[in-house]
Amino acid sequence: MAVAVAEGSVPIAKARRRSRTAGLYPSWFYLPAAIIFAVLFMLPTFASLFFSLTRWTLQKADFIGLENFAQFFREPFLFQGLINTLIYGVVTSGLKVVLGMLLALLLTSDIFGRGYLRAVVFFPVLVSTVGVGITFTAMMHPTQGLINETLASIGIKGPGWLTDPRFALYSVALVDVWKGVGLATVIYIAGIVSIPLEYYEAAKIDGATAWQRFWTVTLPLVQPATATVVILSFIGGLRSFDLIWAMTKGGPGFTSDVIASVIYKQYQAGFYGLSTAGNVVLFVMVALIIVPLSLFLNRQEVDR
Amino acid sequence: MRHAQRYIFGGIAIAASVVVFLVPFAFIILTAVKDRRQAATRSFDWPTSWHFWDNLVEVVRTQDFMLVTAFVNSIILTVASVTLLVVLGAMVGFVLQRRPSRWTPIVNFLVLAGLIIPPAVVPTIWVLQSVGLFKTLHGMILIEVAYGLSFTILLFRAFVATIPRELDEAAIIDGAGPLRLFFQVVLPLLKPVVVTVIVVQSVAIFNDFTNPLYYLPGKQNVTVQLTLFNFQGQFNTSLHLLFMNILLITIPPLIVYLFFNRQIVAGMTAGAVKG
């Protein structure tokens, strides 16, 4: 967007202009942010690569090679956390994509009570995660909880949502979806309303049914929104800690532990090296999933 | 026909939303105003007697007014970190958009890294300890700034692009230096995105549980989300107080939402639409 006026003049003028703009947009504007980011984020990240290879007391670090990582893959209670993190990430982001899309389609149609519905779906996003966790823990109580009491009144014996090892992780994942689907929905709404109406009209004139219009117009054109929802909720799901900690603390046993809760437990127990190794494992896992996924999703984008 | 459909689907959706989204909030409010015994049953029913004020006073007074300390701490934490985030993030976003240089790809890479990489917890504690900021509110403020910068820079960079460069040039001709140009010309023009950043980051930092849990332990440093956690152990049989606490810390985000819901949605959906 350079102004073309100076283009024809002598190189000296151009050089002077460049130095003048350099003075206007000085590099030291980066400095305060860069220092905070480097010291409190980059430095710990690089340090973690070293400390994950040690037995560490914060005062003293003994190098033990890959022993911490070996332990992570050997001990069932640590390895379970790894698997659970994957399950949790896939379940929450999958459900948020599907439900977010459906809700957005509903809430962009000409439906009665649209403003109220949008507000009520989005509000849980802003509520304290721990508060939501405690509330649902009470409602999921195996005998007294509202959910199982309601099921009992129609003759179904509800499971122990958070006390049964088979269900605990999925129950927490469902609450995560309840809290986060509003964000996916507003992202999809923004994507859908940006699609030009002419495309739908053209498709209609060509005799496309509502279903065909969804598959051939809406779905390809909300691709950027889908990419955002998938990436955001996957990163969030893999790193998730507070909801799990508020609801099950990784229990019963370690059946709903994820890497983030393992990191906290090992930190509390004083195994700082092992805890840091958990951090590195999580970092590698997030990078291995998110980078290829975002490259793939961004390539899928269609031209308008 | 279409007219009828509009109401039928709307009616079904509203009924479903009441069950799925409003019942949990009603449950919080009802439990918060019950007496100890009725709250302990976890039932979803009308309170036999109302104890709103009693419960409120008791929650506030518990543990030497811990909740008051927590609110003060959380408000200081939120205001200070958001102020720093806005100024520092806008400075980076401004230069990043205006002057492409050999730093630009590096900065872009670091911004993405900040969004994706989970923070390394124990090494961060180690760094904070060595600079004497562990267990201090100052350290916690800087942590929130470090973790929030990436998203803030992305928002600012996108918005700076919409401000015409001619304004910068007019400012130089009038004799403004870079600081005056930024603070007196550019920053005021960034107001819409500043509001968005303030609202989105305030809610995020006020609701942050994990980071204060790690970096800000200790009773005098407690933040609102941690009080909830402390109450959970202590009041295992006092659900009425626990839920009153939840209710109290849900009110600030609710107020923010009522006034700024447009900016929140705008900030959170940034990036969903290309172009």
# chains A, B, ... in the order shown; residues from 1 in each chain; ligands from 1

$ select_by_dssp --residues "region 185-264 of chain A" --states "alpha helix (DSSP H)" --output "ChimeraX atom specification"
/A:185-193,197-205,210-213,219-221,223-239,242-247,259-264

$ write_last_selection --atoms "N, CA and C atoms" --output "compact mmCIF listing (two decimals), in the first residue's frame"
# COMPACT_ATOMS: atom_id res chain seq x y z
N THR A 185 -20.43 -22.42 18.25
CA THR A 185 -21.63 -21.94 17.58
C THR A 185 -21.44 -20.52 17.05
N VAL A 186 -20.91 -19.60 17.89
CA VAL A 186 -20.78 -18.22 17.39
C VAL A 186 -19.74 -18.15 16.27
N ILE A 187 -18.71 -18.99 16.31
CA ILE A 187 -17.74 -19.00 15.22
C ILE A 187 -18.42 -19.46 13.93
N TYR A 188 -19.23 -20.52 14.04
CA TYR A 188 -19.96 -20.99 12.85
C TYR A 188 -20.97 -19.96 12.35
N ILE A 189 -21.63 -19.27 13.30
CA ILE A 189 -22.59 -18.25 12.87
C ILE A 189 -21.88 -17.18 12.05
N ALA A 190 -20.71 -16.73 12.54
CA ALA A 190 -19.94 -15.72 11.80
C ALA A 190 -19.58 -16.24 10.42
N GLY A 191 -19.23 -17.54 10.33
CA GLY A 191 -18.88 -18.11 9.03
C GLY A 191 -20.08 -18.18 8.11
N ILE A 192 -21.23 -18.59 8.65
CA ILE A 192 -22.42 -18.78 7.80
C ILE A 192 -22.95 -17.45 7.28
N VAL A 193 -22.99 -16.42 8.14
CA VAL A 193 -23.56 -15.15 7.66
C VAL A 193 -22.65 -14.45 6.67
N LEU A 197 -25.66 -14.44 -0.14
CA LEU A 197 -26.96 -15.07 -0.34
C LEU A 197 -27.17 -15.51 -1.79
N GLU A 198 -26.47 -14.82 -2.73
CA GLU A 198 -26.66 -15.14 -4.16
C GLU A 198 -26.36 -16.62 -4.43
N TYR A 199 -25.38 -17.17 -3.71
CA TYR A 199 -25.02 -18.57 -3.93
C TYR A 199 -26.22 -19.48 -3.66
N TYR A 200 -26.95 -19.16 -2.59
CA TYR A 200 -28.11 -19.98 -2.27
C TYR A 200 -29.20 -19.81 -3.32
N GLU A 201 -29.35 -18.55 -3.75
CA GLU A 201 -30.39 -18.28 -4.77
C GLU A 201 -30.07 -19.02 -6.06
N ALA A 202 -28.79 -18.95 -6.47
CA ALA A 202 -28.36 -19.64 -7.69
C ALA A 202 -28.62 -21.14 -7.56
N ALA A 203 -28.27 -21.70 -6.40
CA ALA A 203 -28.46 -23.13 -6.20
C ALA A 203 -29.94 -23.48 -6.25
N LYS A 204 -30.76 -22.59 -5.69
CA LYS A 204 -32.21 -22.82 -5.66
C LYS A 204 -32.77 -22.84 -7.08
N ILE A 205 -32.30 -21.86 -7.89
CA ILE A 205 -32.77 -21.77 -9.28
C ILE A 205 -32.38 -23.04 -10.04
N ALA A 210 -32.83 -28.43 -0.12
CA ALA A 210 -32.20 -27.82 1.05
C ALA A 210 -30.96 -28.61 1.46
N TRP A 211 -31.08 -29.94 1.41
CA TRP A 211 -29.98 -30.82 1.77
C TRP A 211 -28.78 -30.62 0.85
N GLN A 212 -29.06 -30.53 -0.49
CA GLN A 212 -27.98 -30.31 -1.46
C GLN A 212 -27.34 -28.94 -1.27
N ARG A 213 -28.18 -27.94 -0.93
CA ARG A 213 -27.62 -26.60 -0.70
C ARG A 213 -26.66 -26.63 0.48
N LEU A 219 -21.44 -26.07 3.54
CA LEU A 219 -20.33 -26.83 4.12
C LEU A 219 -18.97 -26.44 3.55
N PRO A 220 -18.82 -26.36 2.19
CA PRO A 220 -17.49 -25.94 1.69
C PRO A 220 -17.14 -24.51 2.06
N LEU A 221 -18.14 -23.63 2.14
CA LEU A 221 -17.82 -22.21 2.37
C LEU A 221 -17.65 -21.86 3.84
N GLN A 223 -15.71 -23.61 5.61
CA GLN A 223 -14.44 -24.28 5.90
C GLN A 223 -13.51 -23.50 6.85
N PRO A 224 -13.32 -22.17 6.66
CA PRO A 224 -12.45 -21.47 7.60
C PRO A 224 -12.97 -21.56 9.03
N ALA A 225 -14.31 -21.49 9.19
CA ALA A 225 -14.88 -21.60 10.53
C ALA A 225 -14.64 -22.99 11.10
N THR A 226 -14.83 -24.02 10.26
CA THR A 226 -14.58 -25.38 10.72
C THR A 226 -13.13 -25.53 11.18
N ALA A 227 -12.20 -24.98 10.36
CA ALA A 227 -10.78 -25.08 10.73
C ALA A 227 -10.55 -24.43 12.08
N THR A 228 -11.12 -23.24 12.29
CA THR A 228 -10.94 -22.55 13.56
C THR A 228 -11.50 -23.37 14.72
N VAL A 229 -12.72 -23.89 14.55
CA VAL A 229 -13.35 -24.64 15.64
C VAL A 229 -12.53 -25.89 15.97
N VAL A 230 -12.13 -26.64 14.93
CA VAL A 230 -11.38 -27.88 15.17
C VAL A 230 -10.07 -27.57 15.90
N ILE A 231 -9.31 -26.60 15.38
CA ILE A 231 -8.00 -26.30 15.97
C ILE A 231 -8.15 -25.79 17.40
N LEU A 232 -9.05 -24.81 17.59
CA LEU A 232 -9.23 -24.24 18.92
C LEU A 232 -9.66 -25.29 19.93
N SER A 233 -10.66 -26.10 19.57
CA SER A 233 -11.18 -27.02 20.57
C SER A 233 -10.23 -28.21 20.77
N PHE A 234 -9.45 -28.54 19.75
CA PHE A 234 -8.46 -29.61 19.93
C PHE A 234 -7.35 -29.16 20.88
N ILE A 235 -6.83 -27.94 20.65
CA ILE A 235 -5.79 -27.43 21.55
C ILE A 235 -6.34 -27.37 22.97
N GLY A 236 -7.56 -26.81 23.11
CA GLY A 236 -8.18 -26.71 24.43
C GLY A 236 -8.39 -28.07 25.07
N GLY A 237 -8.85 -29.04 24.27
CA GLY A 237 -9.14 -30.37 24.81
C GLY A 237 -7.88 -31.08 25.27
N LEU A 238 -6.80 -30.98 24.48
CA LEU A 238 -5.57 -31.67 24.85
C LEU A 238 -4.96 -31.06 26.11
N ARG A 239 -5.13 -29.74 26.30
CA ARG A 239 -4.52 -29.08 27.45
C ARG A 239 -5.44 -29.03 28.66
N ASP A 242 -8.63 -27.86 34.31
CA ASP A 242 -9.45 -27.39 35.43
C ASP A 242 -10.77 -28.15 35.59
N LEU A 243 -11.43 -28.47 34.46
CA LEU A 243 -12.71 -29.16 34.57
C LEU A 243 -12.52 -30.56 35.15
N ILE A 244 -11.52 -31.27 34.64
CA ILE A 244 -11.25 -32.62 35.14
C ILE A 244 -10.88 -32.58 36.61
N TRP A 245 -10.06 -31.60 36.97
CA TRP A 245 -9.63 -31.51 38.36
C TRP A 245 -10.82 -31.19 39.27
N ALA A 246 -11.73 -30.34 38.82
CA ALA A 246 -12.88 -29.96 39.64
C ALA A 246 -13.86 -31.12 39.77
N MET A 247 -13.95 -32.00 38.76
CA MET A 247 -15.00 -33.01 38.78
C MET A 247 -14.54 -34.35 39.33
N ILE A 259 -2.96 -35.90 30.67
CA ILE A 259 -1.57 -35.51 30.90
C ILE A 259 -1.51 -34.29 31.84
N ALA A 260 -2.40 -33.32 31.62
CA ALA A 260 -2.34 -32.11 32.44
C ALA A 260 -2.55 -32.41 33.92
N SER A 261 -3.43 -33.38 34.23
CA SER A 261 -3.65 -33.69 35.64
C SER A 261 -2.49 -34.53 36.19
N VAL A 262 -1.88 -35.36 35.32
CA VAL A 262 -0.68 -36.10 35.73
C VAL A 262 0.44 -35.12 36.06
N ILE A 263 0.61 -34.10 35.23
CA ILE A 263 1.65 -33.08 35.48
C ILE A 263 1.44 -32.47 36.87
N TYR A 264 0.17 -32.13 37.18
CA TYR A 264 -0.09 -31.51 38.48
C TYR A 264 0.15 -32.48 39.63

$ residues_around --residues "Phe71 (chain B)" --least-positions-apart "6" --cutoff "10 Å" --atoms "only C-alpha atoms" --output "PyMOL selection string"
chain B and resi 77+206+222-225+227+249

$ write_last_selection --atoms "N, CA and C atoms" --output "PDB file, in the first residue's frame"
ATOM      1  N   LEU B  77      -5.218  -8.295  39.760  1.00  0.00           N
ATOM      2  CA  LEU B  77      -4.601  -9.149  38.737  1.00  0.00           C
ATOM      3  C   LEU B  77      -5.183  -8.861  37.360  1.00  0.00           C
ATOM      4  N   PHE B 206      -9.952 -13.407  34.852  1.00  0.00           N
ATOM      5  CA  PHE B 206     -10.769 -13.518  36.060  1.00  0.00           C
ATOM      6  C   PHE B 206     -11.164 -14.975  36.311  1.00  0.00           C
ATOM      7  N   VAL B 222      -4.793 -15.676  47.540  1.00  0.00           N
ATOM      8  CA  VAL B 222      -5.869 -16.424  46.912  1.00  0.00           C
ATOM      9  C   VAL B 222      -6.626 -15.589  45.865  1.00  0.00           C
ATOM     10  N   THR B 223      -7.014 -16.220  44.752  1.00  0.00           N
ATOM     11  CA  THR B 223      -7.887 -15.552  43.779  1.00  0.00           C
ATOM     12  C   THR B 223      -9.261 -16.217  43.815  1.00  0.00           C
ATOM     13  N   VAL B 224     -10.245 -15.597  43.173  1.00  0.00           N
ATOM     14  CA  VAL B 224     -11.626 -16.065  43.348  1.00  0.00           C
ATOM     15  C   VAL B 224     -11.812 -17.524  42.949  1.00  0.00           C
ATOM     16  N   GLN B 225     -11.165 -17.938  41.854  1.00  0.00           N
ATOM     17  CA  GLN B 225     -11.367 -19.324  41.419  1.00  0.00           C
ATOM     18  C   GLN B 225     -10.796 -20.305  42.445  1.00  0.00           C
ATOM     19  N   THR B 227     -10.705 -19.788  45.722  1.00  0.00           N
ATOM     20  CA  THR B 227     -11.566 -19.870  46.918  1.00  0.00           C
ATOM     21  C   THR B 227     -12.575 -20.982  46.711  1.00  0.00           C
ATOM     22  N   ILE B 249     -19.174 -15.477  42.210  1.00  0.00           N
ATOM     23  CA  ILE B 249     -18.101 -15.245  41.245  1.00  0.00           C
ATOM     24  C   ILE B 249     -18.592 -15.353  39.806  1.00  0.00           C
TER      25      ILE B 249
END

$ residues_around --residues "Leu95 (chain A)" --least-positions-apart "4" --cutoff "9 Å" --atoms "only C-alpha atoms" --output "ChimeraX atom specification"
/A:90-91,99-100,174,177,181

$ write_last_selection --atoms "N, CA and C atoms" --output "JSON list (two decimals), in the first residue's frame"
[["chain", "number", "residue", "atom", "x", "y", "z"],
["A", 90, "VAL", "N", -10.35, -35.78, 21.07],
["A", 90, "VAL", "CA", -11.15, -36.17, 19.91],
["A", 90, "VAL", "C", -12.65, -36.03, 20.21],
["A", 91, "VAL", "N", -13.09, -36.52, 21.37],
["A", 91, "VAL", "CA", -14.51, -36.49, 21.71],
["A", 91, "VAL", "C", -15.01, -35.05, 21.81],
["A", 99, "LEU", "N", -22.18, -30.36, 16.90],
["A", 99, "LEU", "CA", -23.25, -29.63, 17.59],
["A", 99, "LEU", "C", -23.19, -28.13, 17.28],
["A", 100, "GLY", "N", -21.96, -27.59, 17.23],
["A", 100, "GLY", "CA", -21.81, -26.17, 16.93],
["A", 100, "GLY", "C", -22.38, -25.83, 15.57],
["A", 174, "LEU", "N", -18.44, -34.55, 28.22],
["A", 174, "LEU", "CA", -19.76, -34.01, 27.88],
["A", 174, "LEU", "C", -19.97, -32.63, 28.51],
["A", 177, "VAL", "N", -18.17, -30.11, 26.59],
["A", 177, "VAL", "CA", -18.92, -29.73, 25.39],
["A", 177, "VAL", "C", -20.04, -28.76, 25.75],
["A", 181, "VAL", "N", -19.64, -25.41, 23.66],
["A", 181, "VAL", "CA", -20.30, -25.46, 22.36],
["A", 181, "VAL", "C", -20.74, -24.06, 21.91]]

$ closest_atom_pairs --of "chain B" --to "chain A" --cutoff "7 Å" --atoms "only C-alpha atoms" --output "CSV"
residue,atom,partner,partner_atom,distance
B:Arg6,CA,A:Ile111,CA,4.9
B:Tyr7,CA,A:Phe112,CA,5.4
B:Phe9,CA,A:Ile111,CA,6.8
B:Gly10,CA,A:Phe112,CA,4.5
B:Ile14,CA,A:Leu117,CA,6.9
B:Phe21,CA,A:Val120,CA,6.8
B:Ile28,CA,A:Thr135,CA,6.8
B:Thr41,CA,A:Gln144,CA,6.6
B:Arg42,CA,A:Gln144,CA,6.1
B:Ser43,CA,A:Leu146,CA,6.3
B:Phe44,CA,A:Leu146,CA,6.3
B:Leu88,CA,A:Ala33,CA,5.6
B:Met91,CA,A:Phe29,CA,5.6
B:Val92,CA,A:Tyr30,CA,5.2
B:Val95,CA,A:Tyr25,CA,5.4
B:Arg99,CA,A:Tyr25,CA,6.6
B:Ile116,CA,A:Ile235,CA,6.9
B:Ile117,CA,A:Phe283,CA,5.8
B:Pro118,CA,A:Phe283,CA,6.0
B:Pro119,CA,A:Phe41,CA,6.7
B:Ala120,CA,A:Thr45,CA,5.5
B:Val122,CA,A:Thr276,CA,6.3
B:Pro123,CA,A:Pro44,CA,4.9
B:Thr124,CA,A:Pro44,CA,5.1
B:Trp126,CA,A:Leu58,CA,6.5
B:Val127,CA,A:Pro44,CA,7.0
B:Leu142,CA,A:Ile36,CA,6.8
B:Ile143,CA,A:Leu40,CA,6.5
B:Ala146,CA,A:Phe37,CA,4.9
B:Gly177,CA,A:Leu24,CA,6.7
B:Pro178,CA,A:Leu24,CA,4.7
B:Val203,CA,A:Leu126,CA,6.7
B:Asn207,CA,A:Ser128,CA,5.2
B:Phe209,CA,A:Asp242,CA,6.7
B:Thr210,CA,A:Asp242,CA,6.2
B:Ile246,CA,A:Gly131,CA,5.5
B:Thr250,CA,A:Val127,CA,6.0
B:Pro253,CA,A:Leu126,CA,6.2
B:Val265,CA,A:Val186,CA,6.9
B:Thr269,CA,A:Ile187,CA,4.9
B:Ala272,CA,A:Ala225,CA,4.5
B:Val273,CA,A:Gly191,CA,5.6
B:Lys274,CA,A:Pro224,CA,6.8

$ residues_around --residues "region 248-256 of chain A" --least-positions-apart "3" --cutoff "8 Å" --atoms "only C-alpha atoms" --output "CSV table (one decimal) with C-alpha atoms, in the first residue's frame"
chain,number,residue,atom,x,y,z
A,77,PHE,CA,-1.2,-44.9,35.5
A,80,GLN,CA,-3.5,-44.1,30.7
A,81,GLY,CA,-3.3,-40.3,31.0
A,84,ASN,CA,-7.2,-40.4,27.9
A,162,LEU,CA,-18.4,-39.9,37.6
A,163,THR,CA,-17.9,-42.9,39.9
A,164,ASP,CA,-18.0,-45.6,37.2
A,165,PRO,CA,-14.5,-46.0,35.6
A,166,ARG,CA,-16.1,-46.7,32.2
A,168,ALA,CA,-16.0,-40.8,34.2
A,169,LEU,CA,-13.9,-39.5,31.4
A,244,ILE,CA,-11.3,-32.6,35.1
A,245,TRP,CA,-9.6,-31.5,38.4
A,261,SER,CA,-3.6,-33.7,35.6

$ decode --residues "region 134-149 of chain A" --atoms "N, CA and C atoms" --output "PDB file, in the first residue's frame"
ATOM      1  N   ILE A 134     -18.220 -28.114  39.557  1.00  0.00           N
ATOM      2  CA  ILE A 134     -18.847 -28.440  40.842  1.00  0.00           C
ATOM      3  C   ILE A 134     -20.348 -28.632  40.669  1.00  0.00           C
ATOM      4  N   THR A 135     -20.962 -27.749  39.878  1.00  0.00           N
ATOM      5  CA  THR A 135     -22.410 -27.847  39.658  1.00  0.00           C
ATOM      6  C   THR A 135     -22.781 -29.188  39.029  1.00  0.00           C
ATOM      7  N   PHE A 136     -22.052 -29.569  37.976  1.00  0.00           N
ATOM      8  CA  PHE A 136     -22.386 -30.829  37.315  1.00  0.00           C
ATOM      9  C   PHE A 136     -22.018 -32.041  38.156  1.00  0.00           C
ATOM     10  N   THR A 137     -20.982 -31.904  38.994  1.00  0.00           N
ATOM     11  CA  THR A 137     -20.656 -33.006  39.899  1.00  0.00           C
ATOM     12  C   THR A 137     -21.847 -33.280  40.814  1.00  0.00           C
ATOM     13  N   ALA A 138     -22.483 -32.210  41.312  1.00  0.00           N
ATOM     14  CA  ALA A 138     -23.658 -32.397  42.169  1.00  0.00           C
ATOM     15  C   ALA A 138     -24.813 -32.998  41.369  1.00  0.00           C
ATOM     16  N   MET A 139     -24.999 -32.537  40.128  1.00  0.00           N
ATOM     17  CA  MET A 139     -26.131 -33.036  39.338  1.00  0.00           C
ATOM     18  C   MET A 139     -25.903 -34.458  38.831  1.00  0.00           C
ATOM     19  N   MET A 140     -24.625 -34.877  38.789  1.00  0.00           N
ATOM     20  CA  MET A 140     -24.308 -36.234  38.321  1.00  0.00           C
ATOM     21  C   MET A 140     -24.103 -37.210  39.473  1.00  0.00           C
ATOM     22  N   HIS A 141     -24.460 -36.797  40.683  1.00  0.00           N
ATOM     23  CA  HIS A 141     -24.334 -37.689  41.828  1.00  0.00           C
ATOM     24  C   HIS A 141     -25.112 -38.978  41.549  1.00  0.00           C
ATOM     25  N   PRO A 142     -24.505 -40.166  41.826  1.00  0.00           N
ATOM     26  CA  PRO A 142     -25.124 -41.428  41.387  1.00  0.00           C
ATOM     27  C   PRO A 142     -26.531 -41.662  41.935  1.00  0.00           C
ATOM     28  N   THR A 143     -26.812 -41.302  43.182  1.00  0.00           N
ATOM     29  CA  THR A 143     -28.164 -41.569  43.700  1.00  0.00           C
ATOM     30  C   THR A 143     -28.987 -40.294  43.873  1.00  0.00           C
ATOM     31  N   GLN A 144     -28.345 -39.198  44.365  1.00  0.00           N
ATOM     32  CA  GLN A 144     -29.127 -37.999  44.676  1.00  0.00           C
ATOM     33  C   GLN A 144     -29.178 -37.009  43.515  1.00  0.00           C
ATOM     34  N   GLY A 145     -28.306 -37.190  42.527  1.00  0.00           N
ATOM     35  CA  GLY A 145     -28.166 -36.186  41.480  1.00  0.00           C
ATOM     36  C   GLY A 145     -29.420 -35.994  40.651  1.00  0.00           C
ATOM     37  N   LEU A 146     -29.589 -34.775  40.137  1.00  0.00           N
ATOM     38  CA  LEU A 146     -30.777 -34.430  39.361  1.00  0.00           C
ATOM     39  C   LEU A 146     -30.913 -35.332  38.129  1.00  0.00           C
ATOM     40  N   ILE A 147     -29.793 -35.637  37.474  1.00  0.00           N
ATOM     41  CA  ILE A 147     -29.865 -36.416  36.232  1.00  0.00           C
ATOM     42  C   ILE A 147     -30.404 -37.818  36.498  1.00  0.00           C
ATOM     43  N   ASN A 148     -29.814 -38.491  37.475  1.00  0.00           N
ATOM     44  CA  ASN A 148     -30.269 -39.854  37.743  1.00  0.00           C
ATOM     45  C   ASN A 148     -31.644 -39.901  38.388  1.00  0.00           C
ATOM     46  N   GLU A 149     -32.009 -38.885  39.160  1.00  0.00           N
ATOM     47  CA  GLU A 149     -33.363 -38.840  39.727  1.00  0.00           C
ATOM     48  C   GLU A 149     -34.395 -38.702  38.621  1.00  0.00           C
TER      49      GLU A 149
END
